[in-house]
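Everything below belongs to protein-v4.cif, which stores mmCIF, C-alpha atoms.
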```
data_coords
#
loop_
_atom_site.label_atom_id
_atom_site.label_comp_id
_atom_site.auth_asym_id
_atom_site.auth_seq_id
_atom_site.Cartn_x
_atom_site.Cartn_y
_atom_site.Cartn_z
CA MET A 1 20.47 26.09 36.76
CA ASN A 2 24.20 26.86 36.43
CA ARG A 3 27.05 24.67 37.61
CA THR A 4 27.68 26.65 40.81
CA ALA A 5 24.08 26.28 41.97
CA LYS A 6 24.18 22.54 41.28
CA THR A 7 27.40 22.17 43.26
CA LEU A 8 25.93 24.03 46.23
CA LEU A 9 22.80 21.90 46.07
CA VAL A 10 24.82 18.67 46.12
CA LEU A 11 26.96 19.90 49.02
CA ALA A 12 23.83 20.81 50.99
CA LEU A 13 22.38 17.36 50.35
CA VAL A 14 25.61 15.68 51.48
CA GLY A 15 25.56 17.77 54.67
CA VAL A 16 21.96 16.90 55.47
CA VAL A 17 22.57 13.18 54.82
CA GLY A 18 25.72 13.25 56.96
CA MET A 19 23.90 14.83 59.92
CA ALA A 20 20.99 12.40 59.60
CA PHE A 21 23.45 9.50 59.54
CA ARG A 22 25.08 10.83 62.73
CA VAL A 23 21.70 11.06 64.50
CA SER A 24 20.81 7.50 63.49
CA TRP A 25 24.27 6.25 64.48
CA ASN A 26 23.58 5.92 68.22
CA ALA A 27 20.30 4.06 67.76
CA LEU A 28 21.67 1.47 65.36
CA ARG A 29 24.85 0.99 67.37
CA ASP A 30 22.91 0.40 70.63
CA VAL A 31 20.54 -2.01 68.85
CA ALA A 32 23.53 -3.97 67.47
CA ARG A 33 25.05 -4.18 70.97
CA ALA A 34 21.70 -5.40 72.34
CA ILE A 35 21.54 -8.31 69.87
CA GLY A 36 25.02 -9.53 70.86
CA ALA A 37 27.48 -7.64 68.60
CA ASP A 38 30.86 -6.69 70.02
CA ALA A 39 32.20 -3.14 70.15
CA THR A 40 33.65 -3.23 66.61
CA GLY A 41 30.55 -4.86 65.13
CA ALA A 42 28.27 -2.36 66.87
CA THR A 43 30.34 0.52 65.48
CA LEU A 44 30.16 -0.81 61.94
CA TYR A 45 26.47 -1.79 62.12
CA PRO A 46 25.13 1.67 61.08
CA PHE A 47 27.11 1.41 57.82
CA VAL A 48 25.29 -1.86 57.09
CA VAL A 49 21.83 -0.26 57.20
CA ASP A 50 22.19 3.42 56.33
CA GLY A 51 25.15 2.77 54.02
CA LEU A 52 23.12 0.39 51.87
CA MET A 53 20.36 3.00 51.72
CA ALA A 54 22.82 5.45 50.14
CA LEU A 55 24.07 2.75 47.75
CA ALA A 56 20.51 1.88 46.67
CA LEU A 57 19.74 5.57 46.08
CA VAL A 58 22.76 6.00 43.79
CA ALA A 59 21.86 2.80 41.91
CA ALA A 60 18.29 4.03 41.40
CA LEU A 61 19.65 7.19 39.76
CA VAL A 62 21.84 5.20 37.35
CA LEU A 63 19.70 2.20 36.44
CA VAL A 64 16.55 2.13 34.34
CA GLY A 65 13.55 -0.15 33.91
CA ASP A 66 13.22 -3.21 36.16
CA ASP A 67 16.68 -2.68 37.67
CA ARG A 68 15.69 0.79 38.81
CA ARG A 69 12.49 -0.51 40.40
CA PHE A 70 14.52 -3.18 42.22
CA ALA A 71 16.88 -0.52 43.62
CA LEU A 72 13.92 1.55 44.81
CA ARG A 73 12.42 -1.49 46.58
CA VAL A 74 15.72 -2.13 48.39
CA LEU A 75 15.90 1.55 49.36
CA ALA A 76 12.33 1.48 50.71
CA ALA A 77 12.86 -1.77 52.66
CA TYR A 78 16.04 -0.60 54.41
CA THR A 79 14.51 2.81 55.11
CA VAL A 80 11.59 1.15 56.90
CA ALA A 81 13.96 -1.17 58.78
CA SER A 82 16.10 1.77 59.96
CA LEU A 83 12.97 3.65 61.01
CA VAL A 84 11.72 0.67 63.06
CA LEU A 85 15.05 0.20 64.83
CA ASN A 86 15.32 3.93 65.63
CA TYR A 87 11.74 3.84 66.96
CA VAL A 88 12.52 0.84 69.21
CA HIS A 89 15.64 2.58 70.48
CA GLY A 90 13.51 5.50 71.56
CA LEU A 91 11.01 3.26 73.40
CA VAL A 92 13.50 1.12 75.36
CA PRO A 93 15.56 3.24 77.80
CA ALA A 94 17.74 0.27 78.71
CA LEU A 95 19.32 0.39 75.24
CA HIS A 96 20.78 3.85 75.98
CA SER A 97 23.19 2.51 78.64
CA ARG A 98 26.55 1.46 77.31
CA ALA A 99 27.02 -0.91 80.23
CA VAL A 100 24.34 -3.23 78.78
CA ASP A 101 25.89 -5.62 76.24
CA TRP A 102 22.78 -7.66 75.62
CA GLY A 103 19.09 -7.09 76.31
CA GLN A 104 15.58 -7.41 74.95
CA LEU A 105 14.28 -5.05 72.30
CA ALA A 106 10.66 -5.44 73.50
CA ASP A 107 8.90 -6.75 76.61
CA TRP A 108 6.54 -8.94 74.58
CA ASN A 109 8.43 -12.03 73.45
CA PRO A 110 6.89 -12.37 69.94
CA ALA A 111 7.67 -8.70 69.25
CA ASN A 112 11.20 -9.15 70.62
CA TRP A 113 11.78 -12.19 68.41
CA ALA A 114 10.56 -10.29 65.33
CA LEU A 115 12.80 -7.30 66.09
CA VAL A 116 15.85 -9.52 66.73
CA LEU A 117 15.18 -11.32 63.43
CA LEU A 118 14.95 -7.97 61.64
CA ALA A 119 18.14 -6.58 63.19
CA THR A 120 20.19 -9.73 62.58
CA SER A 121 18.97 -10.20 58.98
CA LEU A 122 19.95 -6.71 57.83
CA PRO A 123 23.72 -7.47 57.56
CA VAL A 124 23.03 -10.59 55.46
CA GLY A 125 20.62 -8.64 53.26
CA SER A 126 23.22 -5.91 52.80
CA ILE A 127 25.72 -8.42 51.44
CA TYR A 128 23.21 -9.87 48.97
CA PHE A 129 21.41 -6.72 47.84
CA GLY A 130 24.54 -4.57 47.86
CA SER A 131 26.45 -7.01 45.64
CA ASP A 132 23.49 -7.32 43.27
CA LEU A 133 23.09 -3.55 42.94
CA VAL A 134 26.80 -3.01 42.30
CA ALA A 135 26.77 -5.76 39.62
CA LYS A 136 23.75 -4.18 37.94
CA VAL A 137 25.40 -0.75 37.89
CA LEU A 138 28.68 -2.13 36.49
CA HIS A 139 26.89 -4.04 33.71
CA HIS A 140 24.56 -1.18 32.86
CA ARG A 141 25.01 0.24 29.37
CA PRO A 142 23.18 3.48 28.58
CA ALA A 143 21.14 3.51 25.37
CA PRO A 144 23.09 5.13 22.49
CA ILE A 145 21.85 8.49 21.26
CA THR A 146 21.13 8.39 17.54
CA ASP A 147 21.27 11.26 15.06
CA GLN A 148 17.49 11.08 14.74
CA ASP A 149 17.05 11.64 18.48
CA VAL A 150 19.39 14.64 18.35
CA SER A 151 17.62 16.19 15.37
CA THR A 152 14.22 15.61 16.98
CA GLN A 153 15.37 17.27 20.19
CA VAL A 154 16.79 20.25 18.28
CA ILE A 155 13.52 20.73 16.40
CA ALA A 156 11.52 20.47 19.62
CA ASN A 157 13.73 23.05 21.31
CA ARG A 158 13.41 25.48 18.41
CA LEU A 159 9.72 25.26 17.86
CA GLY A 160 8.51 24.49 21.39
CA SER A 161 4.79 24.57 21.80
CA ASP A 162 4.34 26.06 18.31
CA LEU A 163 5.27 22.76 16.70
CA ARG A 164 2.12 21.42 15.13
CA LYS A 165 1.40 18.62 12.76
CA SER A 166 0.91 19.66 9.18
CA THR A 167 -2.65 19.25 7.92
CA PRO A 168 -2.80 17.06 4.82
CA VAL A 169 -4.17 18.82 1.73
CA PRO A 170 -7.31 17.08 0.46
CA PRO A 171 -6.97 15.83 -3.11
CA ALA A 172 -8.64 17.90 -5.80
CA PRO A 173 -11.86 16.41 -7.18
CA VAL A 174 -11.42 14.66 -10.49
CA ALA A 175 -13.89 15.77 -13.10
CA GLU A 176 -15.71 13.00 -14.87
CA LEU A 177 -14.87 12.91 -18.57
CA PRO A 178 -17.78 12.63 -21.05
CA ALA A 179 -18.27 9.30 -22.73
CA PRO A 180 -16.62 9.23 -26.17
CA ALA A 181 -18.96 9.38 -29.12
CA ALA A 182 -19.53 6.25 -31.14
CA VAL A 183 -17.06 5.91 -33.95
CA LYS A 184 -17.49 3.54 -36.83
CA SER A 185 -15.19 0.60 -36.68
CA VAL A 186 -11.96 0.83 -38.64
CA PRO A 187 -10.59 -2.29 -40.29
CA GLU A 188 -7.98 -3.74 -37.98
CA VAL A 189 -4.47 -3.97 -39.27
CA GLU A 190 -2.07 -6.22 -37.46
CA PRO A 191 0.93 -4.08 -36.47
CA THR A 192 4.39 -5.38 -37.07
CA GLU A 193 6.32 -5.33 -33.84
CA THR A 194 9.84 -4.10 -34.26
CA ALA A 195 12.58 -3.47 -31.76
CA PRO A 196 12.30 0.36 -31.88
CA VAL A 197 8.54 0.17 -31.23
CA LYS A 198 9.07 -2.07 -28.19
CA ALA A 199 11.72 0.27 -26.89
CA ALA A 200 9.37 3.24 -27.30
CA GLU A 201 6.59 1.39 -25.49
CA ALA A 202 8.96 0.58 -22.63
CA VAL A 203 9.91 4.24 -22.32
CA GLU A 204 6.29 5.39 -22.43
CA SER A 205 5.26 2.86 -19.76
CA ARG A 206 7.48 4.55 -17.19
CA PRO A 207 5.60 6.86 -14.83
CA ARG A 208 6.14 10.51 -15.67
CA ARG A 209 6.71 13.13 -13.08
CA SER A 210 4.06 15.76 -12.72
CA THR A 211 5.52 19.12 -13.69
CA GLY A 212 2.36 21.20 -13.31
CA PRO A 213 0.51 23.24 -15.90
CA VAL A 214 2.53 24.77 -18.73
CA PRO A 215 2.32 28.59 -18.77
CA GLU A 216 0.63 30.24 -21.72
CA SER A 217 3.86 31.93 -22.82
CA ALA A 218 5.60 28.54 -23.18
CA ARG A 219 2.88 26.88 -25.23
CA THR A 220 3.28 26.47 -29.00
CA PRO A 221 0.67 28.58 -30.81
CA ARG A 222 -1.73 26.44 -32.84
CA PRO A 223 -3.20 28.12 -35.98
CA THR A 224 -6.97 28.27 -36.16
CA ARG A 225 -8.33 26.93 -39.48
CA THR A 226 -11.71 27.68 -41.00
CA PRO A 227 -14.08 24.90 -42.13
CA ASP A 228 -13.24 25.68 -45.77
CA GLN A 229 -9.52 25.36 -45.09
CA LEU A 230 -10.09 22.04 -43.29
CA LEU A 231 -12.20 20.75 -46.18
CA THR A 232 -9.53 21.78 -48.72
CA GLU A 233 -6.81 19.98 -46.72
CA ALA A 234 -9.02 16.92 -46.40
CA ARG A 235 -9.68 16.83 -50.18
CA SER A 236 -5.96 17.04 -50.87
CA ALA A 237 -5.03 14.40 -48.34
CA THR A 238 -7.74 11.90 -49.34
CA ALA A 239 -7.78 12.40 -53.11
CA ASP A 240 -6.35 8.95 -53.85
CA TRP A 241 -8.09 7.11 -51.00
CA PRO A 242 -10.67 4.42 -51.77
CA ASP A 243 -14.13 4.84 -50.28
CA ALA A 244 -13.51 2.03 -47.77
CA ASP A 245 -10.59 3.97 -46.18
CA LEU A 246 -12.52 7.23 -45.95
CA THR A 247 -13.33 7.09 -42.20
CA ALA A 248 -13.53 9.76 -39.56
CA GLU A 249 -10.52 8.42 -37.69
CA ALA A 250 -8.38 8.37 -40.81
CA VAL A 251 -9.45 11.90 -41.74
CA ARG A 252 -8.73 13.12 -38.21
CA LYS A 253 -5.18 11.78 -38.34
CA ALA A 254 -4.59 13.13 -41.83
CA VAL A 255 -5.57 16.73 -41.14
CA ARG A 256 -4.95 16.67 -37.35
CA THR A 257 -8.29 17.93 -36.16
CA SER A 258 -10.93 16.97 -33.62
CA SER A 259 -13.21 13.94 -33.88
CA ALA A 260 -16.29 16.12 -34.47
CA ASN A 261 -14.61 18.01 -37.35
CA ALA A 262 -13.34 14.71 -38.76
CA ARG A 263 -16.87 13.28 -38.92
CA THR A 264 -18.12 16.43 -40.64
CA LEU A 265 -15.28 16.30 -43.18
CA ARG A 266 -15.90 12.59 -43.81
CA ASP A 267 -19.58 13.19 -44.58
CA ALA A 268 -18.76 16.14 -46.84
CA LEU A 269 -16.15 14.17 -48.79
CA ARG A 270 -18.47 11.19 -49.20
CA ALA A 271 -21.24 13.49 -50.45
CA GLU A 272 -18.89 15.11 -52.97
CA ARG A 273 -17.78 11.73 -54.28
CA ALA A 274 -21.41 10.58 -54.60
CA GLU A 275 -22.30 13.70 -56.59
CA THR A 276 -19.25 13.20 -58.82
CA ARG A 277 -20.23 9.59 -59.57
CA GLU A 278 -23.84 10.63 -60.40
CA ALA A 279 -22.60 13.36 -62.79
CA VAL A 280 -20.35 10.93 -64.57
CA THR A 281 -23.19 8.40 -64.92
CA VAL A 282 -25.55 10.95 -66.42
#
```

Show me, as structure tokens, the structure contained in the file I just sent.
Amino acid sequence: MNRTAKTLLVLALVGVVGMAFRVSWNALRDVARAIGADATGATLYPFVVDGLMALALVAALVLVGDDRRFALRVLAAYTVASLVLNYVHGLVPALHSRAVDWGQLADWNPANWALVLLATSLPVGSIYFGSDLVAKVLHHRPAPITDQDVSTQVIANRLGSDLRKSTPVPPAPVAELPAPAAVKSVPEVEPTETAPVKAAEAVESRPRRSTGPVPESARTPRPTRTPDQLLTEARSATADWPDADLTAEAVRKAVRTSSANARTLRDALRAERAETREAVTV
């Protein structure tokens, strides 16, 4: 709705409210004169009732929470009171004569007492409720709009009903690794802790970021060696080793091969050494 349409709508509302106030004017003025108000008081009496209704309506549009509910209760109470007084004015013809300065609002005394109490209590209620509503409006501070609220509103306006929550991707199943084969125990050697080693351990303990699989083109090509080549390298690397140090783990580290190949090489080297010792004995 553009600004011109809003302006016309507000002007139409003001016109309707003004005409309704003029229609209710006579009834409230005659009721005020019937309960003993003078000419000036009777003229101002409609502002006490219908004027507070307008004030409560404006306060309800500004306030929020409990204060807004309070303003709506005041608006409802004074609307009912104005309706009752207008209804009584229509039922009692004597109130329509300006020559009558005081009279009963109902023939039944209890009803008359209740109506007089209602009409006389409205000015006092207007002072109390009107002052309270004005104080609430003056002390009202609207909630500040944060950058997060603005960004959320912008996203909602852009996407509209197509905005949906992203579905979380289920984690990929982790394959169970086979149990490592039994390896013969290697004599433990107490490592000597040095400052560079501790620094390296500290660096390695940091969590590494996952960079994804390395493409085949970026991988370093590893030469494929035959069993004979592996055996030749193992002979050369372990030529001066004693039999106690000839273990699969040591062979694996020396020739940089798999655990299975290292066990095969270890057995072959031990067999060769046993044959050599037998030949020398004979």

What is the atom CA of Ala32 of chain A to atom CA of Ala119 of chain A distance in Å?
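It comes out at 7.4 Å.
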
When you look at His139 of chain A with a cut-off of 12 Å (counting all atoms listed in the file), what residues show up, excluding the ones that are within fewer than 5 positions of it in the same chain? I need them as a ChimeraX atom specification.
/A:59,62-63,67,132-134

Carefully work through the PyMOL selection byres ((chain A and resi 76) around 12) for this structure and note down the residues it includes, as a PyMOL selection string.
chain A and resi 49-50+52-54+56-57+60+69-75+77-83

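Reported to one decimal place, the separation of atom CA of Leu28 of chain A from atom CA of Pro46 of chain A is 5.5 Å.
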
Determine the residue membership of the PyMOL selection byres ((chain A and resi 246) around 10) for the file above and supply it as a VMD selection string.
chain A and resid 186 238 241 to 245 247 to 251 265 to 267 269 to 270

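Here atom CA of Val255 of chain A stands at a distance of 6.6 Å from atom CA of Glu233 of chain A.
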